[in-house]
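J.: Sending over a structure as structure tokens; questions will come in a sec.
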There are 2 protein chains.
Amino acid sequence: MMQAPEVSVTGDRTAAVVAVGTELLGQSRVDTNSLEVAGVLARHGVRVVEKRVVGDDVDDIARAVRDLLGVAPIVVLCGGLGPTADDLTRVALARALGRELRHDVEIEAWLRERYRSLGRHMPEVCATMARVVEGSTPLLNSRGAAPGVLIEADERLVMALPGVPGELCEMLREHVEPELERRFPGASLVSRTLVLGGVLESEIEERIAHLYERHGREAVTILAAPGTVRLVLSAAGPREAAARRLELMVADYRAVLGDDVAGEDVSGLAEATLRLLTGAGQTLATAESCTGGLVSAWLTDVPGSSAAYVGGVVSYRNDVKESSVGVPGSLLVEHGAVSEPVARSMAEQVRRRLATDWGVGITGIAGPGGGTADKPVGLVHWAVAGPEGTWHQSRVFSGDRSVVRRWSASSALDLLRRQLQCRGGAAS
Amino acid sequence: MMQAPEVSVTGDRTAAVVAVGTELLGQSRVDTNSLEVAGVLARHGVRVVEKRVVGDDVDDIARAVRDLLGVAPIVVLCGGLGPTADDLTRVALARALGRELRHDVEIEAWLRERYRSLGRHMPEVCATMARVVEGSTPLLNSRGAAPGVLIEADERLVMALPGVPGELCEMLREHVEPELERRFPGASLVSRTLVLGGVLESEIEERIAHLYERHGREAVTILAAPGTVRLVLSAAGPREAAARRLELMVADYRAVLGDDVAGEDVSGLAEATLRLLTGAGQTLATAESCTGGLVSAWLTDVPGSSAAYVGGVVSYRNDVKESSVGVPGSLLVEHGAVSEPVARSMAEQVRRRLATDWGVGITGIAGPGGGTADKPVGLVHWAVAGPEGTWHQSRVFSGDRSVVRRWSASSALDLLRRQLQCRGGAAS
């Protein structure tokens with residue numbers, strides 16, 4: 001869930017990234033390693049100008065390397081460094097650069113020791129990982145076995161890293177970042193993420209468009225999910241100047257966006273809401289119908305959420321709304337389960353029963369079935385009950401079941417965080 | 001959540017895919033359109049051998065097209081067909097193929113009509129979408145405005161499709177599938193997904209490796225998530241022969257995997273479990289602590305889940321386990337919240353309180369905080385209470401908070417579905 005902030009790069013330093021693996025050419029897996037690589041490069045002012053995915057084929061990998069050395073001065077490969085027959089990145093690198101592969105006894109000793117320390121005997125096939133491209137620097141892998149490769153050739157830098165995400169990330173931190181820092185010292189790229197709730201991406205773009213001229217279009221990245229928009233602002237340059245520019249930018253954007261900003265540098269509305277609750281020393285309980293536990297799953301995905309989030313009820317069937325939440329049966333009969341009175345009652349009852357400061361109630365029709373002329377698919381009511389009363393909103397969301405559920409969960413959290421922010425503002 | 005089954009391609013027909021868009025070179029967005037394209041190609045026996053991502057730059061797009069026409073006879077581009085200044089795919093195609101761009105009055109008339117039918121006036125900038133590469137066939141866009149492009153050149157086929165996923169998918173269905181069917185008639189590719197619970201990917205690979213020889217390694221794709229493994233089996237060829245081969249393959253794999261198969265052609269363990277419950281006409285309630293609503297969110301993400309899933313309680317704090325679930329305070333004091341007796345009691349109490357056939361209880365320490373020497377981070381107890389008694393399991397999961405939570409939720413669903421399958425087997 002947590003996502004590192006996106007940073008923009010404006011300089012002229014460029015790189016290309018190659019993901020190696022036949023499984024990445026099919027219908028279900030995408031290369032996500034390149035996002036991590038792009039992030040590390042961006043922090044050192046290096047912009048990715050091309051990405052490729054090639055299969056486990058020596059010719060294809062070698063061709064990609066040769067091509068891309070003509071496109072950018074830095075080429076990063078991910079994957080194909082393991083011990084099995086389809087791990088061909090080393091062979092392809094040697095072929096692309098016209099170099100020999102030689103067996104390195106030190107690497108082999110390191111590999112054997114690595115297996116021994118895990119209480120295992122090294123399978124003989126793993127000795128292939130001790131083959132080293134002539135003139136390259138092996139990058140030891142502290143999370144796995146397969147060593148990475150760093151090669152300098154004709155003012156070009158080629159790095160090959162393992163495809164296992166945990167190993168890749170550690171190697172980026174341990175080997176690639178220091179190498180970039182050595183080459184491009186003092187570069188700095190700072191960024192801040194504004195999380196907005198209750199807004200549409202298109203509407204936000206219109207409202208902020210006039211700021212592009214002042215701060216640059218490339219300084220802001222907009223990321224949208226149902227009910228949540230993230231604006232990532234970033235500034236590059238010498239450290240202090242970049243930090244100063246970022247502060248100005250954040251101030252300008254906040255002035256335009258006002259109350260729609262739920263938080264800064266949080267993973268989403270759930271974390272923004274939890275921070276406000278924790279800051280106020282208050283607690284929350286939830287009663288969810290159509291969202292079926294999505295709000296509580298989002299809240300509890302945030303480490304430390306138990307400081308403010310107590311728990312809740314998923315009342316997927318009407319009788320549970322009555323028995324476990326305490327919604328009066330008469331309300332359900334009179335107004336139907338998807339109605340303002342029931343949403344209000346859910347929020348109030350779960351707050352009372354779980355003895356919290358705040359309660360959230362959500363009831364709606366996520367679809368695809370269950371809609372009527374009066375109450376169409378996508379109709380959702382949500383309410384927030386707090387120390388000073390209960391607030392209610394409703395909307396007919398369009399989109400499939402999953403989109404309706406995510407919009408509903410976001411909207412309920414957004415109503416709550418607005419009450420919390422508004423109280424915080426009034427109290428301070 | 002629902003995922004189309006992966007199909008493998010063994011023939012010699014190949015294609016390359018280019019995603020166009022500077023935003024796909026950053027740190028947060030990956031190209032997922034190519035998965036859809038690869039799926040449609042695979043169903044017609046065409047294998048993707050290379051994918052590229054290039055920015056909104058005429059030279060880069062044109063270079064990719066020229067390069068890839070030397071790599072594969074079919075090249076599909078996604079994105080860059082809109083009306084704005086950074087939509088450059090048309091210009092790049094003309095340049096790569098050495099053809100002219102001309103204004104097409106019929107396309108312009110179609111565009112104007114399209115906007116008028118939406119009650120809007122066409123912005124003049126949109127007339128750029130009526131520019132057509134000489135000798136190409138425009139592909140009309142029934143979901144949006146930007147037309148696609150189909151070009152035949154030197155026995156090569158180049159297609160450019162819009163980058164908006166909804167428009168892309170519709171255009172694949174409307175234009176690309178018929179074109180492929182026309183070129184490669186009678187090809188058929190059938191597949192089946194086996195969803196496995198309670199197993200590790202590496203262990204499954206070992207158990208099925210001997211089947212690769214009989215059915216081909218490329219006929220199976222393994223997709224793993226915490227606590228769930230999906231095996232996608234596929235067979236290509238003339239329709240009936242392919243279907244027959246698939247049935248043989250499924251039978252062989254099922255014979256090896258036995259009880260570990262939770263279901264066929266389902267989105268995951270939640271859907272597999274719901275099908276078993278619905279088939280038996282039985283109901284389920286959940287009491288979740290460390291998973292914080294993840295099980296109920298997964299269950300309710302499946303359309304029609306209300307037929308079997310009644311609801312549940314998220315008891316994130318101890319007092320809620322006592323008050324809302326009904327776990328005796330003495331158990332909590334004596335054994336602690338993360339213990340076998342409490343997991344059992346959660347499952348039994350929620351089953352009793354919500355009057356269902358089955359109850360699930362989960363309690364554990366997801367981390368990163370909260371661990372002790374006796375009860376480390378990752379320790380999780382789960383229990384399933386049913387008509388014939390209560391079953392319990394526990395394990396110390398490794399991985400971060402999110403991984404521990406997903407393993408826990410999967411494991412609890414898996415224990416439940418094993419009970420359901422075993423009862424179903426006994427009863428039949």
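Chain labels follow the order of the structure tokens: the first chain is A, the next B, and so on; residue numbering restarts at 1 in every chain, and ligands are counted from 1 in their shown order.
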Give the helix (DSSP H, G or I) residues of stretch 140-260 of chain B, as DSSP finds them on the backbone, and put them as a ChimeraX atom specification.
T.: /B:165-183,201-215,217-219,239-260
J.: Give the strand (DSSP E or B) residues of stretch 271-422 of chain B, as DSSP finds them on the backbone, and put them as an NGL selection string.
T.: :B and (284-288 or 309-315 or 358-364 or 379-386 or 389-396)
J.: If we count only C-alpha atoms and set the cut-off at 7 Å, which residues sit around A:Leu231, ignoring sequence neighbours fewer than 6 positions away in its own chain? Please answer as a list in words.
T.: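 Close residues of A:Leu231: Thr193, Leu194, Val195, Val220, Thr221, Ile222 and Leu223 of chain A.
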J.: May I have the selected residues written with N, CA and C atoms, as a short mmCIF file (atom, residue, chain, number, x, y, z; two decimals), in the first residue's frame?
T.:
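Writing the result to result_35.cif gives the following:
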data_model
loop_
_atom_site.label_atom_id
_atom_site.label_comp_id
_atom_site.auth_asym_id
_atom_site.auth_seq_id
_atom_site.Cartn_x
_atom_site.Cartn_y
_atom_site.Cartn_z
N THR A 193 4.25 14.60 -0.92
CA THR A 193 3.00 14.08 -1.48
C THR A 193 1.81 14.69 -0.74
N LEU A 194 0.91 15.33 -1.48
CA LEU A 194 -0.34 15.80 -0.90
C LEU A 194 -1.42 14.78 -1.23
N VAL A 195 -2.09 14.25 -0.20
CA VAL A 195 -3.19 13.31 -0.43
C VAL A 195 -4.50 14.06 -0.32
N VAL A 220 5.16 18.27 -10.92
CA VAL A 220 4.03 17.65 -10.24
C VAL A 220 3.56 16.39 -10.98
N THR A 221 3.32 15.34 -10.22
CA THR A 221 2.75 14.11 -10.77
C THR A 221 1.42 13.88 -10.09
N ILE A 222 0.40 13.58 -10.88
CA ILE A 222 -0.93 13.34 -10.32
C ILE A 222 -1.24 11.86 -10.40
N LEU A 223 -1.57 11.25 -9.26
CA LEU A 223 -1.91 9.83 -9.23
C LEU A 223 -3.32 9.70 -8.67
#
J.: From the options B:Glu170, B:Gly293, B:Ala285, B:Ser323, which residue's atoms come nearest to B:Ser306, counting only C-alpha atoms?
T.: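 Closest candidate: B:Ala285.
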J.: Looking at only C-alpha atoms, which of B:Thr291, B:Thr283, B:Ser339, B:Thr228 is the one that sits closest to chain A?
T.: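 For chain A, the nearest of the given residues is B:Thr291.
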J.: Counting only C-alpha atoms, collect the residues of chain A whose closest atom lies at most 6 Å from chain B, and write them out as a PyMOL selection string.
T.: chain A and resi 6+25+27+35+38-39+48+50-54+292-294+296-297+300+310-317
J.: I'd like the interatomic distance between atom CA of B:Arg173 and atom CA of B:Glu218, to a tenth of an Å.
T.: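 Here the two named atoms are 25.6 Å from each other.
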J.: Pick out the closest residue to B:Arg230 from this set: B:Arg214, B:Tyr253, B:Ala109, B:Gly268. Count only C-alpha atoms.
T.: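 Nearest candidate to B:Arg230 out of B:Arg214, B:Tyr253, B:Ala109, B:Gly268: B:Gly268.
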J.: Quote the spacing between atom CA of A:Ser267 and atom CA of B:Arg406 in Å to one decimal place.
T.: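 Distance between the two atoms: 18.5 Å.
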J.: Using Å and a single decimal, report how far atom CA of B:Ala409 sits from atom CA of B:Gly279.
T.: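 Separating atom CA of B:Gly279 from atom CA of B:Ala409 is a distance of 21.9 Å.
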J.: List as an mmCIF file with N, CA, C and O atoms, in the first residue's frame the protein and nucleic acid residues near stretch 206-213 of chain A, meaning an atom at most 9 Å away when only C-alpha atoms are counted, but skip any in the same chain fewer than 6 places from it.
T.:
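Now in out-v3.cif:
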data_model
loop_
_atom_site.group_PDB
_atom_site.id
_atom_site.type_symbol
_atom_site.label_atom_id
_atom_site.label_comp_id
_atom_site.auth_asym_id
_atom_site.auth_seq_id
_atom_site.Cartn_x
_atom_site.Cartn_y
_atom_site.Cartn_z
ATOM 1 N N ALA A 219 7.151 19.316 -12.406
ATOM 2 C CA ALA A 219 7.400 19.250 -10.960
ATOM 3 C C ALA A 219 6.252 18.584 -10.216
ATOM 4 O O ALA A 219 6.329 18.367 -9.014
ATOM 5 N N VAL A 220 5.161 18.275 -10.922
ATOM 6 C CA VAL A 220 4.026 17.654 -10.243
ATOM 7 C C VAL A 220 3.558 16.394 -10.985
ATOM 8 O O VAL A 220 3.482 16.372 -12.213
ATOM 9 N N MET A 249 6.417 25.728 -3.303
ATOM 10 C CA MET A 249 5.491 24.992 -4.144
ATOM 11 C C MET A 249 4.356 24.419 -3.311
ATOM 12 O O MET A 249 3.174 24.566 -3.644
ATOM 13 N N ASP A 252 1.947 27.106 -2.286
ATOM 14 C CA ASP A 252 1.072 27.542 -3.391
ATOM 15 C C ASP A 252 -0.023 26.521 -3.674
ATOM 16 O O ASP A 252 -1.182 26.868 -3.863
ATOM 17 N N TYR A 253 0.368 25.257 -3.711
ATOM 18 C CA TYR A 253 -0.620 24.211 -3.995
ATOM 19 C C TYR A 253 -1.649 24.094 -2.870
ATOM 20 O O TYR A 253 -2.842 23.959 -3.111
ATOM 21 N N VAL A 256 -4.326 26.739 -3.035
ATOM 22 C CA VAL A 256 -5.364 26.483 -4.032
ATOM 23 C C VAL A 256 -6.281 25.339 -3.592
ATOM 24 O O VAL A 256 -7.491 25.378 -3.810
ATOM 25 N N LEU A 257 -5.709 24.329 -2.959
ATOM 26 C CA LEU A 257 -6.468 23.097 -2.699
ATOM 27 C C LEU A 257 -7.210 23.108 -1.368
ATOM 28 O O LEU A 257 -8.173 22.368 -1.174
#
J.: Using only C-alpha atoms, which protein or nucleic acid residues come within 8 Å of B:Leu161? Drop anything in the same chain fewer than 2 positions from it, and give the result as a ChimeraX atom specification.
T.: /B:76-79,81,147-149,159,163,168,171
J.: Which residues, written as a PyMOL selection string, have at least one atom at most 10 Å from B:Val342, with only C-alpha atoms counted and residues fewer than 2 positions away on the same chain left out?
T.: chain B and resi 321+327-329+331-332+334-340+344-348+361-363+381-383
J.: For the residues in that selection, give me N, CA and C atoms as a tab-separated table (two decimals), in the first residue's frame.
T.:
chain	number	residue	atom	x	y	z
B	321	LYS	N	-12.99	-7.89	21.36
B	321	LYS	CA	-13.11	-9.36	21.30
B	321	LYS	C	-14.09	-9.83	22.36
B	327	VAL	N	-15.86	-13.31	23.29
B	327	VAL	CA	-14.77	-14.12	23.83
B	327	VAL	C	-14.71	-13.88	25.34
B	328	PRO	N	-14.76	-14.95	26.15
B	328	PRO	CA	-14.72	-14.75	27.61
B	328	PRO	C	-13.46	-14.01	28.05
B	329	GLY	N	-13.63	-13.02	28.90
B	329	GLY	CA	-12.50	-12.25	29.40
B	329	GLY	C	-11.45	-13.13	30.05
B	331	LEU	N	-10.46	-16.09	29.20
B	331	LEU	CA	-9.57	-16.66	28.18
B	331	LEU	C	-8.49	-15.67	27.79
B	332	LEU	N	-8.91	-14.40	27.60
B	332	LEU	CA	-7.97	-13.36	27.20
B	332	LEU	C	-6.91	-13.17	28.27
B	334	GLU	N	-6.03	-15.37	30.69
B	334	GLU	CA	-5.24	-16.57	30.95
B	334	GLU	C	-4.25	-16.88	29.82
B	335	HIS	N	-4.74	-16.77	28.55
B	335	HIS	CA	-3.90	-17.20	27.42
B	335	HIS	C	-3.36	-16.06	26.57
B	336	GLY	N	-3.90	-14.88	26.77
B	336	GLY	CA	-3.52	-13.75	25.91
B	336	GLY	C	-4.36	-13.75	24.65
B	337	ALA	N	-4.45	-12.57	24.01
B	337	ALA	CA	-5.33	-12.44	22.84
B	337	ALA	C	-4.85	-13.28	21.67
B	338	VAL	N	-3.53	-13.45	21.55
B	338	VAL	CA	-3.01	-14.25	20.44
B	338	VAL	C	-2.73	-15.66	20.97
B	339	SER	N	-3.73	-16.52	20.87
B	339	SER	CA	-3.62	-17.86	21.44
B	339	SER	C	-4.64	-18.77	20.78
B	340	GLU	N	-4.40	-20.07	20.91
B	340	GLU	CA	-5.34	-21.03	20.35
B	340	GLU	C	-6.74	-20.91	20.97
B	344	ARG	N	-10.13	-20.09	18.73
B	344	ARG	CA	-11.27	-21.01	18.74
B	344	ARG	C	-12.55	-20.32	19.22
B	345	SER	N	-12.39	-19.57	20.29
B	345	SER	CA	-13.56	-18.91	20.85
B	345	SER	C	-14.12	-17.88	19.87
B	346	MET	N	-13.23	-17.14	19.18
B	346	MET	CA	-13.70	-16.14	18.19
B	346	MET	C	-14.54	-16.82	17.12
B	347	ALA	N	-14.03	-17.95	16.60
B	347	ALA	CA	-14.75	-18.65	15.53
B	347	ALA	C	-16.10	-19.16	16.04
B	348	GLU	N	-16.08	-19.74	17.24
B	348	GLU	CA	-17.32	-20.33	17.79
B	348	GLU	C	-18.34	-19.26	18.15
B	361	GLY	N	-12.22	-17.50	12.93
B	361	GLY	CA	-11.59	-16.57	13.87
B	361	GLY	C	-10.10	-16.47	13.59
B	362	ILE	N	-9.57	-15.26	13.59
B	362	ILE	CA	-8.13	-15.05	13.33
B	362	ILE	C	-7.58	-14.06	14.35
B	363	THR	N	-6.48	-14.43	14.98
B	363	THR	CA	-5.83	-13.51	15.90
B	363	THR	C	-4.32	-13.69	15.78
B	381	HIS	N	-2.80	-17.32	15.03
B	381	HIS	CA	-3.68	-18.47	15.27
B	381	HIS	C	-4.98	-18.25	14.50
B	382	TRP	N	-5.47	-19.33	13.85
B	382	TRP	CA	-6.78	-19.20	13.21
B	382	TRP	C	-7.59	-20.47	13.46
B	383	ALA	N	-8.91	-20.31	13.45
B	383	ALA	CA	-9.78	-21.44	13.75
B	383	ALA	C	-11.02	-21.36	12.89
